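Listing of upload_7.pdb; format and content: PDB, C-alpha atoms.
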```
ATOM      1  CA  MET D 663       0.000   0.000   0.000
ATOM      2  CA  SER D 664       1.390   3.421  -0.944
ATOM      3  CA  ARG D 665       2.236   6.030   1.688
ATOM      4  CA  GLY D 666      -0.402   8.413   0.240
ATOM      5  CA  LEU D 667      -3.124   5.790   0.544
ATOM      6  CA  LYS D 668      -2.079   4.977   4.122
ATOM      7  CA  VAL D 669      -2.273   8.671   5.076
ATOM      8  CA  THR D 670      -5.680   9.025   3.410
ATOM      9  CA  LEU D 671      -7.009   5.959   5.251
ATOM     10  CA  LEU D 672      -5.607   7.251   8.540
ATOM     11  CA  PHE D 673      -7.333  10.635   8.134
ATOM     12  CA  PHE D 674     -10.587   8.976   7.065
ATOM     13  CA  THR D 675     -10.497   6.688  10.121
ATOM     14  CA  LEU D 676      -9.774   9.622  12.448
ATOM     15  CA  PHE D 677     -12.639  11.599  10.890
ATOM     16  CA  LEU D 678     -15.075   8.735  11.463
ATOM     17  CA  MET D 679     -13.913   8.276  15.047
ATOM     18  CA  LEU D 680     -14.148  11.970  15.909
ATOM     19  CA  SER D 681     -17.470  12.559  14.180
ATOM     20  CA  GLY D 682     -19.041   9.797  16.267
ATOM     21  CA  CYS D 683     -17.765  11.248  19.551
ATOM     22  CA  LYS D 684     -19.293  14.700  19.380
ATOM     23  CA  PRO D 685     -22.869  14.789  20.671
ATOM     24  CA  THR D 686     -25.502  16.590  18.607
ATOM     25  CA  THR D 687     -26.631  19.923  20.039
ATOM     26  CA  TYR D 688     -30.240  21.107  19.973
ATOM     27  CA  ARG D 689     -31.180  24.750  20.510
ATOM     28  CA  ARG D 690     -34.267  26.945  20.767
ATOM     29  CA  GLU D 691     -34.928  26.697  17.019
ATOM     30  CA  ASP D 692     -35.265  22.890  17.386
ATOM     31  CA  GLU D 693     -38.245  23.229  19.754
ATOM     32  CA  GLY D 694     -41.039  20.821  18.857
ATOM     33  CA  ARG D 695     -38.889  18.475  16.742
ATOM     34  CA  LYS D 696     -39.284  14.706  16.778
ATOM     35  CA  LEU D 697     -35.911  12.962  16.916
ATOM     36  CA  SER D 698     -35.071   9.379  16.017
ATOM     37  CA  MET D 699     -32.089   7.949  17.909
ATOM     38  CA  HIS D 700     -30.392   4.710  18.881
ATOM     39  CA  PRO D 701     -29.627   3.486  22.421
ATOM     40  CA  GLY D 702     -26.373   4.904  23.772
ATOM     41  CA  GLN D 703     -26.463   8.175  21.828
ATOM     42  CA  SER D 704     -25.583  11.388  23.657
ATOM     43  CA  PHE D 705     -27.007  14.801  22.876
ATOM     44  CA  LEU D 706     -27.058  18.295  24.344
ATOM     45  CA  VAL D 707     -29.788  20.875  24.751
ATOM     46  CA  VAL D 708     -28.399  24.425  24.979
ATOM     47  CA  LEU D 709     -30.805  27.233  25.876
ATOM     48  CA  ASP D 710     -30.224  30.918  26.552
ATOM     49  CA  GLY D 711     -31.096  32.204  29.994
ATOM     50  CA  ASN D 712     -30.211  34.650  32.714
ATOM     51  CA  PRO D 713     -30.268  33.441  36.330
ATOM     52  CA  THR D 714     -29.833  36.993  37.675
ATOM     53  CA  THR D 715     -33.498  37.544  36.753
ATOM     54  CA  GLY D 716     -34.537  34.648  38.992
ATOM     55  CA  TYR D 717     -35.438  32.485  35.998
ATOM     56  CA  THR D 718     -33.822  29.124  35.405
ATOM     57  CA  TRP D 719     -34.288  26.223  32.982
ATOM     58  CA  GLU D 720     -35.425  23.011  34.662
ATOM     59  CA  LEU D 721     -36.363  19.554  33.460
ATOM     60  CA  LYS D 722     -40.132  19.139  33.820
ATOM     61  CA  SER D 723     -40.842  15.847  32.060
ATOM     62  CA  LEU D 724     -38.825  12.874  30.774
ATOM     63  CA  ASN D 725     -39.235   9.092  30.773
ATOM     64  CA  GLU D 726     -35.872   8.135  32.269
ATOM     65  CA  SER D 727     -36.227   4.512  31.192
ATOM     66  CA  VAL D 728     -35.762   5.824  27.607
ATOM     67  CA  VAL D 729     -33.543   8.926  28.020
ATOM     68  CA  LYS D 730     -31.513  10.000  31.060
ATOM     69  CA  LEU D 731     -30.262  13.398  32.125
ATOM     70  CA  GLU D 732     -26.521  13.060  32.749
ATOM     71  CA  GLY D 733     -25.488  15.150  35.723
ATOM     72  CA  MET D 734     -26.736  18.586  36.613
ATOM     73  CA  PRO D 735     -27.331  21.274  33.991
ATOM     74  CA  GLU D 736     -24.386  23.633  33.550
ATOM     75  CA  TYR D 737     -24.603  27.395  33.162
ATOM     76  CA  SER D 738     -22.000  29.467  31.373
ATOM     77  CA  SER D 739     -22.113  33.248  31.313
ATOM     78  CA  GLY D 740     -22.150  34.952  27.944
ATOM     79  CA  GLY D 741     -20.191  37.983  29.123
ATOM     80  CA  SER D 742     -18.071  39.439  31.870
ATOM     81  CA  GLN D 743     -20.508  42.163  32.927
ATOM     82  CA  ALA D 744     -22.684  41.629  35.982
ATOM     83  CA  GLY D 745     -26.165  40.500  34.982
ATOM     84  CA  ALA D 746     -25.119  39.286  31.534
ATOM     85  CA  GLY D 747     -27.088  36.337  30.206
ATOM     86  CA  GLY D 748     -25.597  33.069  29.106
ATOM     87  CA  SER D 749     -26.490  29.480  28.266
ATOM     88  CA  TYR D 750     -27.793  26.456  30.148
ATOM     89  CA  VAL D 751     -26.401  23.125  28.917
ATOM     90  CA  PHE D 752     -28.287  19.877  29.559
ATOM     91  CA  ARG D 753     -26.567  16.559  28.706
ATOM     92  CA  PHE D 754     -28.696  13.525  27.867
ATOM     93  CA  ARG D 755     -28.081   9.902  26.856
ATOM     94  CA  THR D 756     -30.546   7.473  25.309
ATOM     95  CA  VAL D 757     -30.720   4.212  27.247
ATOM     96  CA  ALA D 758     -33.433   1.960  25.784
ATOM     97  CA  ALA D 759     -36.027   1.647  23.040
ATOM     98  CA  GLY D 760     -39.176   3.699  23.496
ATOM     99  CA  GLU D 761     -40.534   7.197  23.081
ATOM    100  CA  THR D 762     -40.556  10.146  25.458
ATOM    101  CA  ASP D 763     -41.284  13.842  25.507
ATOM    102  CA  LEU D 764     -38.399  15.864  26.906
ATOM    103  CA  VAL D 765     -39.845  19.057  28.397
ATOM    104  CA  LEU D 766     -37.795  21.903  29.882
ATOM    105  CA  VAL D 767     -39.353  24.999  31.448
ATOM    106  CA  TYR D 768     -37.881  28.467  32.024
ATOM    107  CA  HIS D 769     -39.430  29.728  35.233
ATOM    108  CA  ARG D 770     -38.888  31.077  38.707
ATOM    109  CA  PRO D 771     -39.021  27.911  40.828
ATOM    110  CA  TRP D 772     -40.543  29.622  43.867
ATOM    111  CA  GLU D 773     -43.521  31.053  41.953
ATOM    112  CA  GLU D 774     -46.391  28.600  42.323
ATOM    113  CA  GLY D 775     -49.366  28.655  39.981
ATOM    114  CA  VAL D 776     -47.512  30.781  37.413
ATOM    115  CA  GLU D 777     -47.018  29.551  33.850
ATOM    116  CA  PRO D 778     -43.372  29.226  32.744
ATOM    117  CA  LEU D 779     -41.983  32.115  30.738
ATOM    118  CA  GLU D 780     -40.829  29.607  28.074
ATOM    119  CA  THR D 781     -41.209  25.884  27.374
ATOM    120  CA  PHE D 782     -38.885  23.730  25.268
ATOM    121  CA  ARG D 783     -40.058  20.309  24.029
ATOM    122  CA  LEU D 784     -38.500  17.511  21.995
ATOM    123  CA  THR D 785     -40.080  14.143  21.263
ATOM    124  CA  ILE D 786     -37.446  11.430  21.237
ATOM    125  CA  GLU D 787     -37.959   8.015  19.676
ATOM    126  CA  VAL D 788     -35.252   5.461  20.510
ATOM    127  CA  ASN D 789     -35.133   2.258  18.456
TER     128      ASN D 789
END
```
Translate the structure of the given file into C-alpha cells.
Amino acid sequence: MSRGLKVTLLFFTLFLMLSGCKPTTYRREDEGRKLSMHPGQSFLVVLDGNPTTGYTWELKSLNESVVKLEGMPEYSSGGSQAGAGGSYVFRFRTVAAGETDLVLVYHRPWEEGVEPLETFRLTIEVN
C-alpha cells in the first residue's frame, strides 16, 4: 500500500472516530422536533437564559427509562458584565427503546401557579 493511501485511510479513520464522539446539540430553534435515535447516543440541549433575573431552565418531564439526564445542567455566562445572560447546557443519553417527551421549562421555581416564561419540548424516539 502506498504512503499516500495509508495517510488518506488514517485521516478517514480519524474523521469517522471523531465525528461519532461529538454529541448533537439542539437549541431553541429545534423546539417541537421529533428525533429518532439509537440506544447509547448522547445529545445536548443548549438554551439561553439569565439566572440573575430569577429564571432558570429546569427539566419538567422525561421518561428516564428511555432517556436519562446526565449530571446537573451547567450554566456558562455569555459575558463578563454583571447581569449578563448566558447558556444552560443539559446533557442527555438514550438508554433503551421507546418514546418520550423531553420538556424543559424556564421559570422562577418559587412562583407557584404561574405559567413558565418559556417551554422547550423535543419528542425522542429510541429504536
What does the distance from atom CA of Pro685 of chain D to atom CA of Ser704 of chain D come to in Å, to one decimal?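 Here the two named atoms are 5.3 Å from each other.
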Write out as a ChimeraX atom specification which residues come within 10 Å of segment 751-759 of chain D when counting only C-alpha atoms, dropping same-chain ones fewer than 6 positions away. /D:685,687-689,699-710,719-721,726-738,766,786-789
Separation of atom CA of Ser749 of chain D and atom CA of Val767 of chain D, in Å? 14.0 Å
Please list as a list in words every residue within 9 Å of Ser723 of chain D, counting all atoms listed in the file and excluding residues in the same chain fewer than 5 positions away.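 My reading of the contact set: Thr762, Asp763, Leu764, Val765 and Leu766 of chain D.
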Restricting it to C-alpha atoms, dump the selection as a CSV table (one decimal), in the frame of the given file.
```csv
chain,number,residue,atom,x,y,z
D,762,THR,CA,-40.6,10.1,25.5
D,763,ASP,CA,-41.3,13.8,25.5
D,764,LEU,CA,-38.4,15.9,26.9
D,765,VAL,CA,-39.8,19.1,28.4
D,766,LEU,CA,-37.8,21.9,29.9
```
For segment 725-734 of chain D, I'd like the enclosing box, axis-aligned and padded by 6 Å on every side, reported as AutoDock Vina command-line options with centre and edge lengths in Å to one decimal.
```
--center_x -32.4 --center_y 11.5 --center_z 32.1 --size_x 25.7 --size_y 26.1 --size_z 21.0
```
Apply the PyMOL selection byres ((chain D and resi 778) around 6) to the displayed file and report the matching residues as a ChimeraX atom specification. /D:767-769,777,779-780
Next, write the just-selected residues to a file, as a PDB file, keeping the file's coordinate frame, keeping C-alpha atoms as the atom set.
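Saved to again.pdb:
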```
ATOM      1  CA  VAL D 767     -39.353  24.999  31.448  1.00  0.00           C
ATOM      2  CA  TYR D 768     -37.881  28.467  32.024  1.00  0.00           C
ATOM      3  CA  HIS D 769     -39.430  29.728  35.233  1.00  0.00           C
ATOM      4  CA  GLU D 777     -47.018  29.551  33.850  1.00  0.00           C
ATOM      5  CA  LEU D 779     -41.983  32.115  30.738  1.00  0.00           C
ATOM      6  CA  GLU D 780     -40.829  29.607  28.074  1.00  0.00           C
TER       7      GLU D 780
END
```
Identify which of the residues D:Gln743, D:Val776, D:Thr714, D:Tyr750 lies closest to Arg690 of chain D, counting all atoms listed in the file when measuring atom-to-atom distances.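 Smallest separation from Arg690 of chain D among the options: D:Tyr750.
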How many Å lie between atom CA of Glu761 of chain D and atom CA of Ser698 of chain D, rounded to one decimal?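 Answer for the atom CA of Glu761 of chain D to atom CA of Ser698 of chain D separation: 9.2 Å.
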Choose the residue, out of D:Lys696, D:Lys684, D:Arg770, D:Arg783, that has the smallest atom-to-atom separation from Asn712 of chain D; count all atoms listed in the file.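 Closest to Asn712 of chain D of all the choices is D:Arg770.
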Nearest to Ser739 of chain D, chosen from D:Gly711, D:Gly760, D:Leu724, D:Pro771, with all atoms listed in the file counted in the distances: D:Gly711
